[in-house]
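First up is the structure itself, then whatever we jot down about it.
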Amino acid sequence: MDVTQRLEHPRFAAALEIPQRWEVDLSGLDDGLVIVGDDRPWSMGFVPTVVFTQARLGEEHSTDPAAVLESQRLVETTIAEQLRDHRPLHLDVDTFGFHGEQQVHGVMRVASYTTAEAVPVMMHQWVARCVGVELSMTVTYPTVDVLTWSEGGWSLANTLEWTGVS
Amino acid sequence: MEQHSAMEQRSTARLSAEQVDQLAAALGWLEPVTVPELRDLDGQLLVSDGRPAPEYDRLMRSFSEQRAVILVQRVDAQGHEQNTTIRLSPHGMLWHELQNDGAVLLRGAAGGTLYPVLIDGLGLGPRPAPARGVVPAEISKNLMMRAVDFSQGPDSPAAARREAAAAVRGQAAQIADSLVAGRADVVVLAAEWDDGAGGAQARLMGLDTPDGMLLHSVERRFLGEKHLLEPAPAWVFWHMAVGSLPGAEDIARWTGPA
């Protein structure tokens, strides 16, 4: 098994184990942004990334996965407009990590698109609401590397721990 | 870096089915024959004296120097087929689209266009996710082939779909209902390519309904094989499809120095 490092921070709502060699950028944390990337390019020179966004929730936001799914359906059109060759492949309720012993239920999105550098890529995204935060995790990698990265992203999403923001 | 004519390259040509065969012959891909000149249905000169016209150099080379051919098929419950043939070459990709008037539109593009063309040809898109941990259902060996074989009429494929419905009803009742109601397309991906070791092949089949997909797989046994249908999200079918096609190493070998 690869040597891992633990990605965690008092102001980051989750913690997870990631490969030791991955580079972590917490400089956007004040804006709810954490970027993690491999330290080397994969196919077509593309460096796979795992991007987290988090936003505090008001009481009006339901943590019900159906509500999260509805809100994500509303942004599908925007995503399609912004991404070249966008092809949606999946959008439905799924699990996204654990809070204590309990699985957290949210939404999983999978789509194919082409980057500005003409690299065909896959996007696997999970979104859920828990511990007063809406957290998303987006894994992006070259499509041709699907066998490694789709399972890797799925593994990250299913081992992530919701820790809350102090 | 590959060299093409300095002339601006055209990326489409419209041909009759017969002309597609003539094109293959003209470029020496089938039995070499003399085809002094070949023009497409719009009168554009494609080949002259066995050589591609300069503005069609890349498109013609994509046709004649293929390293992989991928066939994508979608067959509905009435037997209507949607077929896409994709050829990959060191010069990019080329695909055939059958038009309503029976003409074949040849379209060329950079290799990265493969994936959206494949997704469109397979008709993949978001479907309701199946429950996790569902056990695959065993089906008869030839069920998937019967589901797309309309040569003896619609009864045999309809029976195959009902048989598939009965097999998966315990795991996915709504998908079973869709199959019985004729709201299911069979999707097929078949590929052959130069893997540098005598050639490689791949084949993947599934059933696509508005209520979810069923992924077909074959479990090899010491004696014989076991055919399975398993509820799966479209992205899992896509994962299997991309994983079964030529990989980055194949493509690098095709485009690298000889």
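In the structure tokens, the first chain shown is A, the next is B, and so on; residue numbers restart at 1 for each chain, and ligands run from 1 in the order shown.
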
Residue contacts of Pro142 (chain A) (10 Å, only C-alpha atoms) excluding same-chain residues fewer than 2 positions away, as a ChimeraX atom specification: /A:41-48,112-115,119-123,140,144-146,149

Hey, can you spit out that residue selection with N, CA and C atoms as a compact mmCIF listing (two decimals), in the first residue's frame?
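This is the output file part25.txt:
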# COMPACT_ATOMS: atom_id res chain seq x y z
N PRO A 41 2.36 14.61 -13.84
CA PRO A 41 1.29 14.51 -14.84
C PRO A 41 1.01 13.06 -15.19
N TRP A 42 -0.24 12.78 -15.56
CA TRP A 42 -0.62 11.47 -16.10
C TRP A 42 -0.73 11.62 -17.62
N SER A 43 -1.66 10.90 -18.22
CA SER A 43 -1.74 10.93 -19.69
C SER A 43 -1.98 12.34 -20.22
N MET A 44 -1.40 12.63 -21.40
CA MET A 44 -1.55 13.90 -22.10
C MET A 44 -1.09 15.08 -21.24
N GLY A 45 -0.20 14.81 -20.30
CA GLY A 45 0.37 15.87 -19.49
C GLY A 45 -0.57 16.45 -18.44
N PHE A 46 -1.70 15.80 -18.21
CA PHE A 46 -2.69 16.35 -17.27
C PHE A 46 -2.39 15.87 -15.85
N VAL A 47 -2.38 16.81 -14.91
CA VAL A 47 -2.17 16.47 -13.50
C VAL A 47 -3.54 16.29 -12.83
N PRO A 48 -3.88 15.08 -12.42
CA PRO A 48 -5.17 14.87 -11.75
C PRO A 48 -5.27 15.68 -10.46
N SER A 112 -18.18 13.70 -18.36
CA SER A 112 -17.02 13.72 -19.25
C SER A 112 -16.97 15.10 -19.89
N TYR A 113 -15.77 15.67 -20.05
CA TYR A 113 -15.65 16.92 -20.79
C TYR A 113 -14.23 17.06 -21.33
N THR A 114 -13.96 18.13 -22.05
CA THR A 114 -12.64 18.37 -22.63
C THR A 114 -12.10 19.68 -22.06
N THR A 115 -10.85 19.65 -21.61
CA THR A 115 -10.27 20.86 -21.01
C THR A 115 -9.91 21.88 -22.11
N VAL A 119 -7.62 18.20 -23.48
CA VAL A 119 -7.47 16.90 -22.83
C VAL A 119 -8.85 16.38 -22.44
N PRO A 120 -9.25 15.20 -22.93
CA PRO A 120 -10.51 14.63 -22.48
C PRO A 120 -10.38 14.14 -21.04
N VAL A 121 -11.27 14.60 -20.19
CA VAL A 121 -11.17 14.26 -18.77
C VAL A 121 -12.51 13.77 -18.24
N MET A 122 -12.41 13.12 -17.08
CA MET A 122 -13.61 12.70 -16.33
C MET A 122 -13.67 13.50 -15.05
N MET A 123 -14.87 13.80 -14.64
CA MET A 123 -15.10 14.47 -13.36
C MET A 123 -16.01 13.58 -12.51
N THR A 140 -10.75 15.03 -10.82
CA THR A 140 -10.66 15.23 -12.27
C THR A 140 -9.38 14.57 -12.78
N VAL A 144 -8.50 8.58 -20.31
CA VAL A 144 -7.81 7.34 -20.66
C VAL A 144 -7.25 6.64 -19.40
N ASP A 145 -7.16 7.37 -18.29
CA ASP A 145 -6.67 6.78 -17.04
C ASP A 145 -7.81 6.34 -16.13
N VAL A 146 -8.97 6.08 -16.72
CA VAL A 146 -10.18 5.83 -15.94
C VAL A 146 -10.05 4.66 -14.97
N TRP A 149 -8.24 5.91 -11.77
CA TRP A 149 -8.76 7.06 -11.03
C TRP A 149 -10.22 6.96 -10.63

For Pro90 (chain B), please output as JSON, numbers by chain all residues within 12 Å (counting only C-alpha atoms; exclusion window: fewer than 5 positions along the same chain). {"B": [1, 2, 3, 58, 59, 60, 61, 62, 63, 64, 65, 66, 67, 68, 109, 110, 111, 194, 250, 251, 252, 253, 254, 255, 256, 257, 258]}

Go ahead and dump the residues you just picked, C-alpha atoms, as a tab-separated table (two decimals), in the first residue's frame.
chain	number	residue	atom	x	y	z
B	1	MET	CA	5.33	15.59	-35.96
B	2	GLU	CA	3.19	14.27	-38.78
B	3	GLN	CA	3.24	16.17	-42.03
B	58	ARG	CA	-5.57	13.77	-43.16
B	59	LEU	CA	-9.11	12.40	-43.49
B	60	MET	CA	-8.07	9.81	-46.07
B	61	ARG	CA	-5.01	8.75	-44.06
B	62	SER	CA	-7.22	8.37	-41.00
B	63	PHE	CA	-9.30	6.02	-43.14
B	64	SER	CA	-6.50	4.01	-44.69
B	65	GLU	CA	-3.99	3.88	-41.82
B	66	GLN	CA	-6.36	2.81	-39.06
B	67	ARG	CA	-4.94	1.17	-35.97
B	68	ALA	CA	-8.27	0.50	-34.28
B	109	ALA	CA	-11.24	15.03	-35.73
B	110	ALA	CA	-8.41	14.93	-33.23
B	111	GLY	CA	-8.22	11.72	-31.22
B	194	ASP	CA	-3.24	-3.11	-33.05
B	250	ASP	CA	-1.26	1.83	-27.54
B	251	ILE	CA	-1.93	5.38	-28.67
B	252	ALA	CA	1.65	6.45	-27.87
B	253	ARG	CA	2.97	3.53	-29.93
B	254	TRP	CA	0.79	4.46	-32.92
B	255	THR	CA	1.81	8.09	-32.88
B	256	GLY	CA	5.44	7.66	-31.82
B	257	PRO	CA	8.49	7.28	-34.02
B	258	ALA	CA	8.50	4.15	-36.17

Interface list for chain B, partner chain A, 10 Å threshold, only C-alpha atoms, as a count of residues only: 38

Straight-line distance linking CA of Val34 (chain A) with CA of Leu57 (chain A), stated in Å to one decimal: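 Value for the CA of Val34 (chain A)-CA of Leu57 (chain A) distance: 17.9 Å.
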
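With only C-alpha atoms as the basis for measurement, A:Gln20 is the residue among A:Gln20, A:Ser166, A:Thr138, A:Ser27 that approaches Asp39 (chain A) most closely.
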
Rank nothing, just name the residue among B:Ala26, B:Leu179, B:Val135, B:Leu215 nearest to Leu46 (chain B), using only C-alpha atoms.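 Among the listed residues, the smallest separation from Leu46 (chain B) belongs to B:Ala26.
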
Tell me, as JSON, numbers by chain, which residues lie within 12 Å of His61 (chain A), counting only C-alpha atoms; anything in the same chain fewer than 4 positions away does not count. {"A": [55, 56, 57, 65, 66, 67, 68, 70, 71, 128, 129, 130, 131, 132, 133, 134]}

Report the residues of region 41-145 of chain B whose backbone DSSP state falls under strand (DSSP E or B), written as a ChimeraX atom specification. /B:45-48,51-52,68-75,81-89,92-98,104-109,137-139

Would you export the selected residues with C-alpha atoms as a PDB file, in the first residue's frame, please?
ATOM      1  CA  LEU B  45     -12.512  15.228 -55.147  1.00  0.00           C
ATOM      2  CA  LEU B  46     -11.304  12.739 -52.503  1.00  0.00           C
ATOM      3  CA  VAL B  47      -8.873  10.510 -54.385  1.00  0.00           C
ATOM      4  CA  SER B  48      -6.992  10.891 -57.647  1.00  0.00           C
ATOM      5  CA  ARG B  51      -3.640   9.267 -53.778  1.00  0.00           C
ATOM      6  CA  PRO B  52      -5.725  11.430 -51.440  1.00  0.00           C
ATOM      7  CA  ALA B  68      -8.270   0.499 -34.280  1.00  0.00           C
ATOM      8  CA  VAL B  69     -11.875   0.144 -35.335  1.00  0.00           C
ATOM      9  CA  ILE B  70     -14.657   0.561 -32.784  1.00  0.00           C
ATOM     10  CA  LEU B  71     -18.254  -0.358 -33.542  1.00  0.00           C
ATOM     11  CA  VAL B  72     -20.952   1.182 -31.377  1.00  0.00           C
ATOM     12  CA  GLN B  73     -24.515  -0.006 -31.686  1.00  0.00           C
ATOM     13  CA  ARG B  74     -27.800   0.760 -29.976  1.00  0.00           C
ATOM     14  CA  VAL B  75     -30.816  -1.419 -30.795  1.00  0.00           C
ATOM     15  CA  GLU B  81     -30.448   0.331 -34.959  1.00  0.00           C
ATOM     16  CA  GLN B  82     -28.181   3.306 -34.416  1.00  0.00           C
ATOM     17  CA  ASN B  83     -24.672   2.401 -35.556  1.00  0.00           C
ATOM     18  CA  THR B  84     -21.441   4.352 -35.336  1.00  0.00           C
ATOM     19  CA  THR B  85     -18.119   3.115 -36.712  1.00  0.00           C
ATOM     20  CA  ILE B  86     -15.013   4.829 -35.372  1.00  0.00           C
ATOM     21  CA  ARG B  87     -11.500   4.416 -36.728  1.00  0.00           C
ATOM     22  CA  LEU B  88      -8.425   5.515 -34.794  1.00  0.00           C
ATOM     23  CA  SER B  89      -5.174   6.260 -36.576  1.00  0.00           C
ATOM     24  CA  GLY B  92      -6.578  11.321 -35.508  1.00  0.00           C
ATOM     25  CA  MET B  93      -9.969   9.674 -35.577  1.00  0.00           C
ATOM     26  CA  LEU B  94     -12.630   9.233 -38.190  1.00  0.00           C
ATOM     27  CA  TRP B  95     -16.185   8.144 -37.710  1.00  0.00           C
ATOM     28  CA  HIS B  96     -19.079   7.197 -39.971  1.00  0.00           C
ATOM     29  CA  GLU B  97     -22.535   8.569 -39.370  1.00  0.00           C
ATOM     30  CA  LEU B  98     -25.436   7.070 -41.319  1.00  0.00           C
ATOM     31  CA  VAL B 104     -22.580   7.954 -44.931  1.00  0.00           C
ATOM     32  CA  LEU B 105     -20.986  11.064 -43.460  1.00  0.00           C
ATOM     33  CA  LEU B 106     -17.272  10.578 -42.786  1.00  0.00           C
ATOM     34  CA  ARG B 107     -16.066  12.964 -40.105  1.00  0.00           C
ATOM     35  CA  GLY B 108     -12.512  13.457 -38.934  1.00  0.00           C
ATOM     36  CA  ALA B 109     -11.243  15.032 -35.725  1.00  0.00           C
ATOM     37  CA  ALA B 137     -28.348 -12.388 -12.110  1.00  0.00           C
ATOM     38  CA  GLU B 138     -27.324 -15.369 -14.205  1.00  0.00           C
ATOM     39  CA  ILE B 139     -28.725 -15.491 -17.751  1.00  0.00           C
TER      40      ILE B 139
END

For Glu55 (chain B), list every protein, DNA or RNA residue within 8 Å, evaluated using only C-alpha atoms, and leave out those in the same chain fewer than 3 positions away; present the list as an MDAnalysis selection string. chainID B and resid 5 7:10 58

Among region 5-231 of chain B, which residues carry a DSSP assignment of alpha helix (DSSP H), reported as a PyMOL selection string? chain B and resi 17-26+57-64+114-122+143-148+155-168+173-180

For CA of Arg203 (chain B) and CA of Pro154 (chain B), the interatomic separation in Å (one decimal): 24.1 Å

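Residues lying within 12 Å of Ile18 (chain A), counting only C-alpha atoms and ignoring same-chain neighbours fewer than 2 positions away, are Met1, Asp2, Val3, Thr4, Gln5, Arg6, Leu7, Glu8, Ala15, Leu16, Gln20, Arg21, Trp22, Glu23, Val24, Val36, Gly37, Asp38, Thr49, Val50, Gly152, Gly153, Ser155, Leu156, Ala157, Thr159 and Leu160 of chain A.
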
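Counting from CA of Val165 (chain A), the distance to CA of Ala14 (chain A) is 8.2 Å.
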